[in-house]
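> Here you go, this is target-v5.txt (compact mmCIF, N, CA and C atoms).
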```
# COMPACT_ATOMS: atom_id res chain seq x y z
N MET A 4 47.38 -38.01 10.22
CA MET A 4 48.60 -37.31 9.91
C MET A 4 48.45 -36.38 8.71
N LYS A 5 47.34 -36.47 7.97
CA LYS A 5 47.15 -35.60 6.82
C LYS A 5 47.22 -34.14 7.23
N PHE A 6 46.59 -33.82 8.36
CA PHE A 6 46.55 -32.42 8.79
C PHE A 6 47.96 -31.89 9.03
N ALA A 7 48.79 -32.65 9.73
CA ALA A 7 50.14 -32.20 10.04
C ALA A 7 50.94 -31.96 8.76
N GLU A 8 50.82 -32.88 7.82
CA GLU A 8 51.53 -32.74 6.55
C GLU A 8 51.03 -31.54 5.77
N GLN A 9 49.71 -31.40 5.72
CA GLN A 9 49.10 -30.29 4.98
C GLN A 9 49.50 -28.95 5.57
N LEU A 10 49.46 -28.86 6.88
CA LEU A 10 49.79 -27.60 7.55
C LEU A 10 51.21 -27.17 7.22
N LYS A 11 52.13 -28.10 7.33
CA LYS A 11 53.53 -27.78 7.06
C LYS A 11 53.74 -27.38 5.59
N ALA A 12 53.12 -28.13 4.68
CA ALA A 12 53.28 -27.85 3.25
C ALA A 12 52.66 -26.50 2.88
N LEU A 13 51.47 -26.23 3.38
CA LEU A 13 50.79 -24.98 3.04
C LEU A 13 51.50 -23.78 3.66
N ARG A 14 51.99 -23.94 4.87
CA ARG A 14 52.73 -22.85 5.52
C ARG A 14 54.00 -22.56 4.74
N SER A 15 54.69 -23.60 4.30
CA SER A 15 55.92 -23.42 3.53
C SER A 15 55.65 -22.77 2.17
N GLU A 16 54.53 -23.14 1.54
CA GLU A 16 54.16 -22.54 0.25
C GLU A 16 54.02 -21.02 0.36
N LEU A 17 53.46 -20.57 1.48
CA LEU A 17 53.24 -19.13 1.67
C LEU A 17 54.45 -18.44 2.30
N HIS A 18 55.53 -19.19 2.51
CA HIS A 18 56.77 -18.66 3.10
C HIS A 18 56.50 -18.02 4.47
N LEU A 19 55.68 -18.71 5.27
CA LEU A 19 55.41 -18.26 6.63
C LEU A 19 56.25 -19.08 7.60
N SER A 20 56.83 -18.43 8.57
CA SER A 20 57.53 -19.17 9.61
C SER A 20 56.50 -19.61 10.66
N GLN A 21 56.90 -20.51 11.50
CA GLN A 21 56.01 -20.93 12.59
C GLN A 21 55.68 -19.75 13.49
N ASP A 22 56.66 -18.87 13.71
CA ASP A 22 56.43 -17.68 14.53
C ASP A 22 55.38 -16.76 13.91
N ASN A 23 55.50 -16.53 12.60
CA ASN A 23 54.54 -15.66 11.92
C ASN A 23 53.13 -16.22 11.99
N LEU A 24 53.02 -17.50 11.72
CA LEU A 24 51.71 -18.15 11.77
C LEU A 24 51.15 -18.12 13.19
N ALA A 25 51.99 -18.40 14.16
CA ALA A 25 51.55 -18.41 15.56
C ALA A 25 51.06 -17.03 15.99
N SER A 26 51.75 -15.98 15.56
CA SER A 26 51.33 -14.62 15.96
C SER A 26 49.99 -14.26 15.32
N GLN A 27 49.73 -14.73 14.11
CA GLN A 27 48.44 -14.45 13.46
C GLN A 27 47.30 -15.21 14.13
N LEU A 28 47.62 -16.35 14.73
CA LEU A 28 46.61 -17.18 15.39
C LEU A 28 46.50 -16.91 16.89
N PHE A 29 47.43 -16.09 17.41
CA PHE A 29 47.48 -15.80 18.85
C PHE A 29 47.73 -17.06 19.67
N VAL A 30 48.65 -17.89 19.17
CA VAL A 30 49.09 -19.08 19.90
C VAL A 30 50.61 -19.05 19.94
N SER A 31 51.20 -19.98 20.65
CA SER A 31 52.67 -20.03 20.74
C SER A 31 53.25 -20.75 19.52
N ARG A 32 54.52 -20.51 19.27
CA ARG A 32 55.21 -21.20 18.18
C ARG A 32 55.26 -22.70 18.46
N GLN A 33 55.36 -23.04 19.75
CA GLN A 33 55.40 -24.46 20.14
C GLN A 33 54.09 -25.17 19.77
N ALA A 34 52.97 -24.45 19.86
CA ALA A 34 51.69 -25.05 19.48
C ALA A 34 51.68 -25.39 17.99
N VAL A 35 52.16 -24.45 17.16
CA VAL A 35 52.24 -24.71 15.72
C VAL A 35 53.17 -25.88 15.45
N SER A 36 54.29 -25.95 16.16
CA SER A 36 55.23 -27.05 16.01
C SER A 36 54.58 -28.38 16.36
N LYS A 37 53.80 -28.42 17.44
CA LYS A 37 53.11 -29.65 17.84
C LYS A 37 52.12 -30.09 16.75
N TRP A 38 51.39 -29.14 16.18
CA TRP A 38 50.44 -29.47 15.12
C TRP A 38 51.15 -30.06 13.92
N GLU A 39 52.29 -29.47 13.55
CA GLU A 39 53.03 -29.95 12.38
C GLU A 39 53.69 -31.30 12.62
N ASN A 40 54.01 -31.61 13.86
CA ASN A 40 54.60 -32.90 14.19
C ASN A 40 53.54 -33.97 14.44
N GLY A 41 52.28 -33.58 14.49
CA GLY A 41 51.20 -34.53 14.72
C GLY A 41 50.99 -34.85 16.18
N ASP A 42 51.61 -34.06 17.07
CA ASP A 42 51.46 -34.30 18.51
C ASP A 42 50.22 -33.66 19.10
N GLY A 43 49.55 -32.81 18.34
CA GLY A 43 48.35 -32.15 18.83
C GLY A 43 47.55 -31.61 17.66
N THR A 44 46.34 -31.17 17.94
CA THR A 44 45.50 -30.57 16.91
C THR A 44 44.86 -29.31 17.47
N PRO A 45 44.64 -28.32 16.63
CA PRO A 45 44.01 -27.09 17.09
C PRO A 45 42.51 -27.27 17.28
N ASP A 46 41.91 -26.35 18.01
CA ASP A 46 40.46 -26.40 18.18
C ASP A 46 39.79 -25.90 16.89
N LEU A 47 38.46 -26.00 16.84
CA LEU A 47 37.72 -25.69 15.63
C LEU A 47 37.87 -24.24 15.19
N LYS A 48 37.81 -23.31 16.13
CA LYS A 48 37.97 -21.89 15.78
C LYS A 48 39.34 -21.63 15.17
N THR A 49 40.35 -22.26 15.71
CA THR A 49 41.70 -22.08 15.19
C THR A 49 41.84 -22.72 13.82
N LEU A 50 41.17 -23.86 13.60
CA LEU A 50 41.20 -24.51 12.29
C LEU A 50 40.60 -23.60 11.22
N VAL A 51 39.48 -22.98 11.55
CA VAL A 51 38.83 -22.08 10.60
C VAL A 51 39.75 -20.90 10.28
N LYS A 52 40.36 -20.33 11.30
CA LYS A 52 41.29 -19.22 11.10
C LYS A 52 42.51 -19.66 10.29
N LEU A 53 43.01 -20.86 10.55
CA LEU A 53 44.13 -21.40 9.78
C LEU A 53 43.78 -21.52 8.30
N ALA A 54 42.59 -22.03 8.02
CA ALA A 54 42.16 -22.17 6.63
C ALA A 54 42.09 -20.81 5.95
N GLU A 55 41.62 -19.79 6.67
CA GLU A 55 41.56 -18.45 6.11
C GLU A 55 42.96 -17.90 5.84
N ILE A 56 43.87 -18.07 6.78
CA ILE A 56 45.24 -17.56 6.63
C ILE A 56 45.96 -18.25 5.48
N LEU A 57 45.75 -19.57 5.35
CA LEU A 57 46.44 -20.35 4.33
C LEU A 57 45.71 -20.35 2.98
N HIS A 58 44.54 -19.71 2.93
CA HIS A 58 43.75 -19.57 1.69
C HIS A 58 43.34 -20.93 1.11
N VAL A 59 42.85 -21.81 1.98
CA VAL A 59 42.38 -23.12 1.54
C VAL A 59 41.07 -23.43 2.26
N SER A 60 40.36 -24.45 1.77
CA SER A 60 39.15 -24.90 2.44
C SER A 60 39.52 -25.79 3.63
N LEU A 61 38.57 -26.00 4.51
CA LEU A 61 38.81 -26.90 5.64
C LEU A 61 39.07 -28.33 5.17
N ASP A 62 38.38 -28.75 4.10
CA ASP A 62 38.61 -30.09 3.55
C ASP A 62 40.06 -30.24 3.12
N THR A 63 40.57 -29.23 2.44
CA THR A 63 41.95 -29.30 1.97
C THR A 63 42.92 -29.30 3.14
N LEU A 64 42.66 -28.47 4.13
CA LEU A 64 43.55 -28.37 5.28
C LEU A 64 43.55 -29.64 6.11
N VAL A 65 42.39 -30.16 6.43
CA VAL A 65 42.29 -31.29 7.35
C VAL A 65 42.45 -32.64 6.65
N LEU A 66 41.82 -32.80 5.48
CA LEU A 66 41.80 -34.09 4.82
C LEU A 66 42.81 -34.22 3.69
N GLY A 67 43.32 -33.10 3.23
CA GLY A 67 44.28 -33.14 2.13
C GLY A 67 43.65 -33.29 0.77
N THR A 68 42.33 -33.09 0.66
CA THR A 68 41.66 -33.20 -0.63
C THR A 68 41.83 -31.91 -1.41
N LYS A 69 41.92 -32.05 -2.70
CA LYS A 69 42.01 -30.88 -3.57
C LYS A 69 40.61 -30.54 -4.05
N PRO A 70 40.21 -29.27 -3.94
CA PRO A 70 38.87 -28.90 -4.40
C PRO A 70 38.78 -28.97 -5.91
N ALA A 71 37.57 -29.16 -6.40
CA ALA A 71 37.34 -29.15 -7.84
C ALA A 71 37.67 -27.76 -8.38
N THR A 72 37.85 -27.66 -9.65
CA THR A 72 38.28 -26.41 -10.26
C THR A 72 37.17 -25.36 -10.20
N GLY A 73 36.93 -24.84 -9.04
CA GLY A 73 35.95 -23.78 -8.88
C GLY A 73 34.50 -24.25 -8.88
N ASP A 74 34.27 -25.55 -9.06
CA ASP A 74 32.91 -26.06 -9.09
C ASP A 74 32.38 -26.19 -7.68
N HIS A 75 31.10 -25.90 -7.52
CA HIS A 75 30.44 -26.06 -6.23
C HIS A 75 29.90 -27.48 -6.16
N ILE A 76 30.10 -28.14 -5.05
CA ILE A 76 29.62 -29.51 -4.88
C ILE A 76 28.26 -29.46 -4.20
N ASP A 77 27.25 -29.98 -4.88
CA ASP A 77 25.89 -29.99 -4.37
C ASP A 77 25.74 -31.14 -3.38
N SER A 78 25.54 -30.81 -2.10
CA SER A 78 25.48 -31.85 -1.07
C SER A 78 24.20 -32.69 -1.15
N SER A 79 23.20 -32.24 -1.91
CA SER A 79 22.01 -33.06 -2.06
C SER A 79 22.25 -34.17 -3.10
N VAL A 80 23.27 -34.02 -3.93
CA VAL A 80 23.58 -35.00 -4.95
C VAL A 80 24.83 -35.81 -4.61
N PHE A 81 25.83 -35.15 -3.98
CA PHE A 81 27.10 -35.80 -3.68
C PHE A 81 27.34 -35.86 -2.18
N VAL A 82 28.07 -36.89 -1.77
CA VAL A 82 28.44 -37.07 -0.38
C VAL A 82 29.93 -37.41 -0.33
N TYR A 83 30.62 -36.92 0.70
CA TYR A 83 32.06 -37.16 0.84
C TYR A 83 32.30 -38.54 1.43
N ASN A 84 33.12 -39.33 0.78
CA ASN A 84 33.49 -40.65 1.27
C ASN A 84 34.88 -40.56 1.88
N PRO A 85 34.98 -40.63 3.22
CA PRO A 85 36.29 -40.45 3.86
C PRO A 85 37.29 -41.57 3.58
N THR A 86 36.83 -42.75 3.20
CA THR A 86 37.77 -43.84 2.93
C THR A 86 38.49 -43.65 1.60
N THR A 87 37.79 -43.10 0.60
CA THR A 87 38.43 -42.86 -0.70
C THR A 87 38.95 -41.44 -0.82
N GLY A 88 38.43 -40.53 0.00
CA GLY A 88 38.85 -39.14 -0.07
C GLY A 88 38.25 -38.39 -1.23
N GLU A 89 37.13 -38.89 -1.76
CA GLU A 89 36.49 -38.26 -2.91
C GLU A 89 34.99 -38.09 -2.66
N TYR A 90 34.40 -37.18 -3.43
CA TYR A 90 32.96 -37.02 -3.39
C TYR A 90 32.33 -38.02 -4.35
N GLU A 91 31.27 -38.67 -3.89
CA GLU A 91 30.59 -39.67 -4.70
C GLU A 91 29.12 -39.33 -4.79
N ARG A 92 28.50 -39.76 -5.90
CA ARG A 92 27.07 -39.53 -6.08
C ARG A 92 26.31 -40.34 -5.03
N ARG A 93 25.30 -39.72 -4.44
CA ARG A 93 24.49 -40.45 -3.45
C ARG A 93 23.81 -41.63 -4.11
N ARG A 94 23.80 -42.75 -3.40
CA ARG A 94 23.19 -43.95 -3.95
C ARG A 94 21.72 -44.00 -3.61
N GLY A 95 21.05 -44.86 -4.34
CA GLY A 95 19.67 -45.14 -4.03
C GLY A 95 18.73 -44.08 -4.55
N GLY A 96 17.55 -44.51 -4.78
CA GLY A 96 16.54 -43.58 -5.26
C GLY A 96 15.69 -43.10 -4.11
N MET A 97 14.47 -42.94 -4.44
CA MET A 97 13.52 -42.40 -3.50
C MET A 97 12.87 -43.54 -2.70
N ASN A 98 12.84 -43.42 -1.39
CA ASN A 98 12.11 -44.41 -0.61
C ASN A 98 10.65 -43.93 -0.47
N PHE A 99 9.84 -44.70 0.20
CA PHE A 99 8.42 -44.38 0.31
C PHE A 99 8.18 -43.00 0.94
N TRP A 100 8.93 -42.70 1.99
CA TRP A 100 8.71 -41.44 2.69
C TRP A 100 9.16 -40.24 1.85
N ASP A 101 10.24 -40.41 1.09
CA ASP A 101 10.67 -39.36 0.18
C ASP A 101 9.61 -39.12 -0.89
N PHE A 102 9.08 -40.22 -1.42
CA PHE A 102 8.03 -40.11 -2.43
C PHE A 102 6.81 -39.40 -1.87
N LEU A 103 6.41 -39.81 -0.68
CA LEU A 103 5.24 -39.21 -0.05
C LEU A 103 5.45 -37.72 0.22
N ALA A 104 6.63 -37.34 0.66
CA ALA A 104 6.92 -35.94 0.93
C ALA A 104 6.92 -35.11 -0.36
N GLU A 105 7.39 -35.70 -1.44
CA GLU A 105 7.49 -34.96 -2.70
C GLU A 105 6.18 -34.95 -3.48
N TYR A 106 5.46 -36.08 -3.46
CA TYR A 106 4.25 -36.21 -4.29
C TYR A 106 3.01 -36.49 -3.46
N TRP A 107 2.87 -35.82 -2.32
CA TRP A 107 1.73 -36.05 -1.45
C TRP A 107 0.42 -35.74 -2.15
N TRP A 108 0.41 -34.76 -3.01
CA TRP A 108 -0.81 -34.36 -3.71
C TRP A 108 -1.27 -35.46 -4.67
N THR A 109 -0.35 -36.23 -5.23
CA THR A 109 -0.70 -37.33 -6.12
C THR A 109 -1.37 -38.45 -5.33
N VAL A 110 -0.83 -38.72 -4.16
CA VAL A 110 -1.40 -39.77 -3.31
C VAL A 110 -2.82 -39.41 -2.91
N ILE A 111 -3.04 -38.15 -2.54
CA ILE A 111 -4.40 -37.71 -2.15
C ILE A 111 -5.35 -37.82 -3.34
N ALA A 112 -4.92 -37.40 -4.52
CA ALA A 112 -5.76 -37.49 -5.72
C ALA A 112 -6.08 -38.94 -6.05
N LEU A 113 -5.11 -39.82 -5.92
CA LEU A 113 -5.31 -41.24 -6.21
C LEU A 113 -6.29 -41.87 -5.23
N VAL A 114 -6.13 -41.58 -3.95
CA VAL A 114 -7.04 -42.13 -2.93
C VAL A 114 -8.45 -41.60 -3.14
N THR A 115 -8.58 -40.34 -3.47
CA THR A 115 -9.90 -39.74 -3.72
C THR A 115 -10.56 -40.38 -4.93
N THR A 116 -9.80 -40.57 -6.01
CA THR A 116 -10.34 -41.19 -7.22
C THR A 116 -10.78 -42.62 -6.95
N ILE A 117 -9.99 -43.38 -6.24
CA ILE A 117 -10.36 -44.77 -5.93
C ILE A 117 -11.59 -44.78 -5.02
N GLY A 118 -11.67 -43.85 -4.08
CA GLY A 118 -12.80 -43.77 -3.18
C GLY A 118 -14.11 -43.46 -3.90
N ILE A 119 -14.05 -42.64 -4.91
CA ILE A 119 -15.26 -42.27 -5.67
C ILE A 119 -15.80 -43.47 -6.45
N PHE A 120 -14.91 -44.26 -7.03
CA PHE A 120 -15.35 -45.37 -7.86
C PHE A 120 -15.81 -46.59 -7.07
N PHE A 121 -15.30 -46.77 -5.86
CA PHE A 121 -15.63 -47.98 -5.10
C PHE A 121 -16.70 -47.75 -4.04
N PHE A 122 -17.09 -46.53 -3.79
CA PHE A 122 -18.12 -46.32 -2.75
C PHE A 122 -19.29 -45.66 -3.31
```
Show me, as structure tokens, the structure contained in the file I just sent.

Amino acid sequence: MKFAEQLKALRSELHLSQDNLASQLFVSRQAVSKWENGDGTPDLKTLVKLAEILHVSLDTLVLGTKPATGDHIDSSVFVYNPTTGEYERRRGGMNFWDFLAEYWWTVIALVTTIGIFFF
């Protein structure tokens, strides 16, 4: 229901009628009404266009989250938790394969050094 609430609130903030919004999206007024009542949802292309018209991100439109104050969220460090509705730091460190991918040259040097001393 977040989407329905968000759509209605954002449309009202911009003083757009359902007819005006529908004409910009090339859909019927009834379709916009269904979305606002929670009886239906738009397709992905329409969602993207809605976000552009309402001047919000898709996260804000669909999930109701407020973006940080102009800060960019680095997806390699943070992940969105849908249960809390917030971005959280990724847990855990490096596993063996991550280490190997990042420091493969160290592993080769170590194996070569051990090979020289033991053979």
> I'd like the interatomic distance between atom N of Glu16 in chain A and CA of Val82 in chain A, to a tenth of an Å.
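So the two atoms, atom N of Glu16 in chain A and CA of Val82 in chain A, lie 29.6 Å apart.
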> Which residue is closest to Lys5 in chain A? Choose from A:Gly43, A:Thr86, A:Arg32, A:Leu64 and count only C-alpha atoms.
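Closest candidate: A:Leu64.
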> Please determine, counting only C-alpha atoms, which residue among A:Val114, A:Val80, A:Leu61, A:Leu10 has the shortest atom-to-atom distance to Gly41 in chain A.
A:Leu10
> Let me have the centre and edge lengths in Å, one decimal, of the box along x, y and z around every listed atom of range 9-13 of chain A with 4 Å of margin on each side, as JSON.

```
{"center_x": 51.4, "center_y": -27.6, "center_z": 5.2, "size_x": 12.6, "size_y": 15.6, "size_z": 12.7}
```
> For Val59 in chain A, please output as a list of chain:residue names all residues within 10 Å (counting only C-alpha atoms; exclusion window: fewer than 6 positions along the same chain).
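In the requested format, the answer is A:Leu13, A:Val51, A:Leu53, A:Lys69, A:Pro70.
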> With distances taken over all atoms listed in the file, which residue among A:Trp100, A:Glu55, A:Glu39, A:Phe120 lies nearest Gln9 in chain A?
A:Glu39
> From a DSSP calculation on the backbone, collect every residue of chain A in alpha helix (DSSP H) and output the set as a ChimeraX atom specification.
/A:5-16,21-28,32-40,47-57,61-66,99-105,107-121
> Point out the residue among A:Trp107, A:Leu113, A:Asp46, A:Thr68 with the least atom-to-atom distance to Gly88 in chain A, counting only N, CA and C atoms.
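Of A:Trp107, A:Leu113, A:Asp46, A:Thr68, the one nearest Gly88 in chain A is A:Thr68, counting only N, CA and C atoms.
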> How many Å separate atom C of Asn23 in chain A from CA of Gly67 in chain A?
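Taking atom C of Asn23 in chain A and CA of Gly67 in chain A, their separation equals 21.5 Å.
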> What does the structure give for the distance between atom N of Leu47 in chain A and atom N of Glu91 in chain A, in Å to one decimal?
25.3 Å
> DSSP on the backbone: what in range 19-122 of chain A comes out strand (DSSP E), as a ChimeraX atom specification?
/A:81-84,89-92
